[in-house]
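Working notes, structure below.
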Amino acid sequence: MSDREIVLQARAVSMQYPGTLALDRVDFTLRRGTVAALIGENGAGKSTLVKILAGIVQPTGGALLLNGEEVALRSVRDADARGIEIIHQELNLCPNLSVAENIFLGRELTVGGVLDVKRQEERARELLARLEHPIDPATPVGGLPLGQQQIVEIAKALARDVRVLMMDEPTSALSAAEIAVLFRIIGDLKARGVAIVYISHRLEELLGIADTVSVLRDGRMVAEAAADTVDTRWIVERMTGRASGAPEALEHRAPGRELLRVEGLSLKSESGRPLLSDVSLRLRAGEVMGIYGLMGAGRTELLECLMGLHPEMAGSIFLDSKNLSAMGTSRRIAHGLAMAPEDRQVSGLVRSLSVLANMTVSSLDRFTRGGWLSPAAEEAAAAKAANELRIKAPGLRHSIESLSGGNQQKVVIAKCLLTEPRVLLLDEPTRGVDVGAKREIHAIVRRLAAAGMGIVLATSELEEVRATADRVVVMSRGRVTAEFAASEAADDALALAASAALEERPGRA
Amino acid sequence: MSAAPGGVRVLLGSYLFRLRALIVLVALAVAFAALSPAFLTTGNLTILVKHVAINAILAVGMTFVILSGGIDLSVGSVAGLAGIVAGGLIHSGLVLRSFGVVVYLHTWLVILVALAAGALVGGVNGGLIAALRVPPFIATLGTLYIARGAALLISGGGTFPNLTGEPALGNTGFLSLGSGTVLGLPVPIWLMLAFAAAGVFVAHRTPFGRRVYAVGGNERAAELSGVRVPWIQFAVYVISGVCAATVGLIIAAQLAAAHPATGETFELNAIAAVVLGGTSLMGGRGSVGGTIAGAFVIGVLADGLILMGVSEFWQIVIKGLVIVLAVVLDQMQQRYMRRAAAASRS
């Protein structure tokens with residue numbers, strides 16, 4: 001690989017933010033037709049480096065070389081003009097515009113100043129066909145599933161004669177099948193000489209696709225290697241700067257009395273499509289129940305129903321044999337349910353509030369003395385929770401945005417714990433969280449269960465099920481398709497159950 | 001954690017930014033005091049603060065609405081309606097046609113009814129927004145017209161003059177709401193202080209206040225955290241309605257007459273005070289203290305420019321410039337905070 005010509009190069013690039021050196025004289029080389037994986041814990045400087053390469057921010061030191069010549073990328077447009085494109089983790093599409101309009105946004109095809117809708121749609125159709133996703137170019141993007149939106153985002157980059165493509169966590173919202181397509185596309189791009197920078201927390205996946213691996217830690221480039229000479233263990237050690245231990249074997253205890261019982265839960269979408277069909281569950285005290293399923297399996301909808309976000313659902317929910325079905329969210333919390341939602345930016349955190357206020361927003365009544373909030377009581381409880389969960393924060397009064405993803409997630413969990421729940425619902429608790437924080441969160445889950453809490457943990461990662469669950473319930477297309485004791489659940493059996501109902505779809509072989 | 005020094009700097013920077021309305025206020029006051037000897041006289045300052053009181057009370061209510069992520073365009077009309085309700089009750093009494101009698105209410109009851117009228121319009125706003133999911137801009141634009149029309153209907157388009165009241169009817173004393181003094185300070189100024197103090201404490205020291213911030217910052221997260229979002233939304237508009245009604249009462253009492261056009265475009269001044277005070281129109285960020293400072297900036301600016309003989313037309317232009325500048329500063333603050341936050345992440 002090292003004989004390939006260098007397309008883009010960063011030389012001793014530094015980024016000084018007020019108070020912090022985000023990147024410290026980093027060298028990075030990208031060669032034609034290769035995939036370079038960029039790895040590091042949250043806050044290691046990956047995003048900063050990618051933003052510099054894409055022209056979004058300008059480095060405070062060092063130089064960028066494009067095809068051997070020094071360039072200054074002053075803006076995204078500047079980078080775009082040189083064939084450098086970025087696909088953000090949060091997709092940058094206009095949901096109200098059509099697929100074709102999104103693909104050609106900013107460089108519309110025109111005839112005499114008037115939009116050439118027909119030609120745009122034709123070109124869009126060609127691009128999508130090449131991506132093996134014949135989406136109708138006239139459909140509004142907002143109506144597409146997340147995976148297809150990702151495809152549109154890629155088509156958008158392809159429409160621009162891309163030479164360098166940066167992908168920030170492109171698979172976090174994709175199903176296994178969609179990931180397979182994405183990887184084929186990446187292979188195709190490589191063959192056509194495109195250089196790709198690939199960021200992901202899923203190490204296995206990275207090693208499957210990358211040619212080179214570059215590890216950042218604390219703003220410094222700590223290791224670089226050819227992907228076929230390293231394994232995940234090597235990466236984790238470089239990322240964290242410490243030797244990785246084997247995952248601890250779970251200690252299974254005899255579960256306690258029944259805490260949560262769900263009977264015949266069904267939910268339909270507004271268009272009448274079934275999202276959940278006749279789901280029944282039982283959860284005992286001290287038990288971690290993993291809900292495993294792919295995107296669209298109904299994991300999130302199930303937890304949302306438990307929290308009372310879908311009053312239109314059918315079925316019953318009992319907590320300690322008390323029927324919660326007719327209650328609103330706040331009363332369910334008062335009765336001992338709490339949930340850390342899937343997307344902490346969208347549903348978990350209030351970004352304009354401090355770390356402290358985010359922790360206590362669910363349990364304010366506990367800190368009220370005669371109608372007034374007691375800052376002392378609030379602070380004491382938050383400090384205790386921050387200490388127990390080992391939340392790293394510059395200060396409790398600082399903005400929640402000053403925390404890394406992993407620590408933000410812990411704040412969401414702390415918020416739940418401050419309501420003193422008997423049953424804790426966790427939806428993808430480690431998504432977008434670095435390896436170190438992930439392990440800590442798994443340990444927290446085990447610790448809470450050991451203290452007698454009942455935990456429902458919904459996840460699309462097998463590894464997460466392995467690391468936390470006593471019992472695994474597998475869901476597919478809104479149904480429970482299998483249930484295993486954790487010790488009996490083989491990977492292939494889980495995977496099979498997770499894709500079970502897929503085969504029943506009419507029109508499929 | 002390695003970012004500790006950066007953290008301190010972030011905090012310091014953000015405090016300076018947050019206090020910008022106060023800093024501007026002090027700068028303006030010093031400048032006008034130096035330029036015009038009339039500025040720092042008791043007489044001028046009393047008039048100035050009485051003017052500010054009107055806008056500040058409206059703006060306290062508006063702050064809660066904007067913090068929750070909404071907007072209340074109806075406050076000027078509500079002030080007009082509340083004044084007319086009070087004026088009508090004092091001047092003509094409550095005419096009960098079917099009984100053939102006219103009932104005159106005690107002054108306190110008049111005030112209560114007028115405040116209730118404000119709360120009612122606020123409640124309609126809140127109901128439309130929280131229960132029927134009407135966008136706040138539209139809902140309160142509608143009630144802006146409805147409340148103004150109602151005021152015109154009640155008064156027949158005319159003015160209720162001479163609100164002194166008659167001792168025999170037990171409805172005297174209304175005027176002291178506008179022109180009375182307690183301990184040498186005009187009543188409207190006391191009212192402003194009371195609303196400001198209550199606003200600050202409710203916003204920062206009660207669960208309700210914190211929930212308003214949470215709803216404005218992230219409605220969905222607030223809901224999932226057990227905040228009863230519709231109730232919070234309902235309550236902030238009721239608060240705003242009561243604040244607006246108070247202002248209507250003060251103005252009617254100051255003029256000793258209720259006019260149905262009272263309060264036109266007041267909503268814009270109130271929004272300007274809130275924005276100048278550093279509260280984000282997106283909701284979730286800001287403070288009542290900032291709003292009070294913002295109201296004073298507007299008041300001091302108007303007063304000082306008059307003293308200096310600047311034309312009225314230029315005053316309007318300058319007010320507009322100051323508001324735009326405030327929003328530009330707000331954007332800069334957000335960018336600065338985000339960058340600083342990103343930097344201290346490690």
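Within each chain, counting starts at residue 1; across the structure tokens, chains are named A, B, ... in the order shown, with ligands numbered 1 upward in that order.
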
#### Entry: Those of region 306-436 of chain A in DSSP helix (DSSP H, G or I), formatted as a PyMOL selection string
chain A and resi 306+329-334+344-348+355-360+364-367+375-388+400-402+405-417+435-436

Take the residues from that selection and write them out as a short mmCIF file (atom, residue, chain, number, x, y, z; two decimals), in the first residue's frame, keeping C-alpha atoms.
data_model
loop_
_atom_site.label_atom_id
_atom_site.label_comp_id
_atom_site.auth_asym_id
_atom_site.auth_seq_id
_atom_site.Cartn_x
_atom_site.Cartn_y
_atom_site.Cartn_z
CA LEU A 306 -42.88 1.32 28.79
CA THR A 329 -44.38 9.56 31.88
CA SER A 330 -43.97 11.58 35.06
CA ARG A 331 -46.18 9.24 37.09
CA ARG A 332 -44.33 6.22 35.77
CA ILE A 333 -41.10 7.80 36.92
CA ALA A 334 -42.67 8.41 40.31
CA ARG A 344 -28.71 11.46 24.10
CA GLN A 345 -28.45 14.64 22.01
CA VAL A 346 -32.02 14.41 20.81
CA SER A 347 -33.83 12.94 23.81
CA GLY A 348 -31.45 12.55 26.70
CA VAL A 355 -24.11 19.17 34.02
CA LEU A 356 -25.82 19.61 37.38
CA ALA A 357 -29.19 20.73 36.00
CA ASN A 358 -29.20 17.83 33.56
CA MET A 359 -28.62 15.37 36.36
CA THR A 360 -31.39 16.67 38.59
CA LEU A 364 -36.26 18.14 41.29
CA ASP A 365 -38.94 17.48 43.87
CA ARG A 366 -36.37 15.68 45.99
CA PHE A 367 -34.32 18.86 46.26
CA PRO A 375 -28.86 24.27 45.62
CA ALA A 376 -26.91 22.59 48.41
CA ALA A 377 -29.07 19.46 48.35
CA GLU A 378 -28.97 19.38 44.57
CA GLU A 379 -25.23 19.76 44.43
CA ALA A 380 -24.61 17.15 47.10
CA ALA A 381 -26.72 14.56 45.31
CA ALA A 382 -25.20 15.35 41.90
CA ALA A 383 -21.66 15.28 43.25
CA LYS A 384 -22.35 11.91 44.84
CA ALA A 385 -23.75 10.51 41.60
CA ALA A 386 -20.88 11.96 39.58
CA ASN A 387 -18.47 10.32 41.96
CA GLU A 388 -20.20 6.94 41.90
CA ILE A 400 -23.12 19.65 29.54
CA GLU A 401 -21.48 20.17 26.15
CA SER A 402 -18.06 20.43 27.76
CA GLY A 405 -19.83 11.50 24.77
CA GLY A 406 -19.15 8.82 27.35
CA ASN A 407 -19.43 11.24 30.23
CA GLN A 408 -22.57 12.77 28.78
CA GLN A 409 -24.07 9.30 28.66
CA LYS A 410 -23.14 8.78 32.30
CA VAL A 411 -24.92 12.03 33.15
CA VAL A 412 -28.06 10.67 31.50
CA ILE A 413 -27.73 7.51 33.57
CA ALA A 414 -27.11 9.59 36.70
CA LYS A 415 -30.31 11.51 35.95
CA CYS A 416 -32.20 8.23 35.91
CA LEU A 417 -30.56 6.97 39.10
CA VAL A 435 -14.11 1.90 24.49
CA GLY A 436 -13.05 2.94 27.98
#

### Task
For Gly93 (chain B), list every protein, DNA or RNA residue within 10 Å, evaluated using only C-alpha atoms, and leave out those in the same chain fewer than 5 positions away; present the list as a list in words.
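The contact residues come out as Val85, Ala86, Gly87, Gly88, Val101, Val102, Val103, Tyr104, Leu105, Val110, Leu169 and Asn171 of chain B.
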
### Query
For chain B, which residue among A:Arg369, A:Arg119, A:Arg202, A:Arg257 is the nearest when counting only C-alpha atoms?
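Selected residue with least distance to chain B: A:Arg369.
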
### Message
Using only C-alpha atoms for the distances, tell me which of B:Ala222, B:Ala53, B:Leu115, B:Leu276 is nearest to chain A.
### Response
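Of all the options, B:Ala222 lies closest to chain A.
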
### Non-local contacts of region 154-163 of chain A (7 Å; only C-alpha atoms; under 3 positions in same chain excluded) as a PyMOL selection string
chain A and resi 83-85+103-104+127-128+150-151+194-195

### Query
Using only C-alpha atoms, which of A:Tyr292, A:Phe183, A:Phe484, A:Trp372 sits nearest chain B?
A:Trp372

### Query
For chain A, which of B:Tyr237, B:Tyr213, B:Phe195, B:Trp314 is the closest residue, counting only C-alpha atoms?
B:Tyr213

### Message
I'd like the contact shell of Glu287 (chain A) - 6 Å cut-off, only C-alpha atoms, skipping same-chain residues fewer than 5 positions apart - returned as a PyMOL selection string.
### Response
chain A and resi 255+449+454

#### Entry: Spatial neighbours of region 134-148 of chain B, 6 Å, only C-alpha atoms, chain gap at least 3 places, as JSON, numbers by chain
{"B": [70, 71, 72, 73, 74, 77, 78, 128, 129, 151]}

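One finds CA of Val52 (chain B) at 12.8 Å from CA of Leu25 (chain B).
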
### Query
So which residues of region 4-210 of chain B fall under strand (DSSP E or B) by DSSP, listed as number ranges by chain?
B: 94-96, 101-103, 160, 181-182, 185-186

Once you have the residues from the selection above, write them out as a compact mmCIF listing (two decimals), in the first residue's frame, restricted to C-alpha atoms.
# COMPACT_ATOMS: atom_id res chain seq x y z
CA LEU B 94 -70.85 45.91 35.88
CA VAL B 95 -74.16 46.28 34.08
CA LEU B 96 -76.40 43.29 34.73
CA VAL B 101 -78.85 46.75 38.21
CA VAL B 102 -75.34 48.13 37.95
CA VAL B 103 -72.81 46.59 40.33
CA PHE B 160 -63.17 55.36 30.10
CA THR B 181 -45.70 56.32 46.37
CA VAL B 182 -44.58 54.04 49.16
CA LEU B 185 -40.77 55.37 45.71
CA PRO B 186 -43.54 55.28 43.08
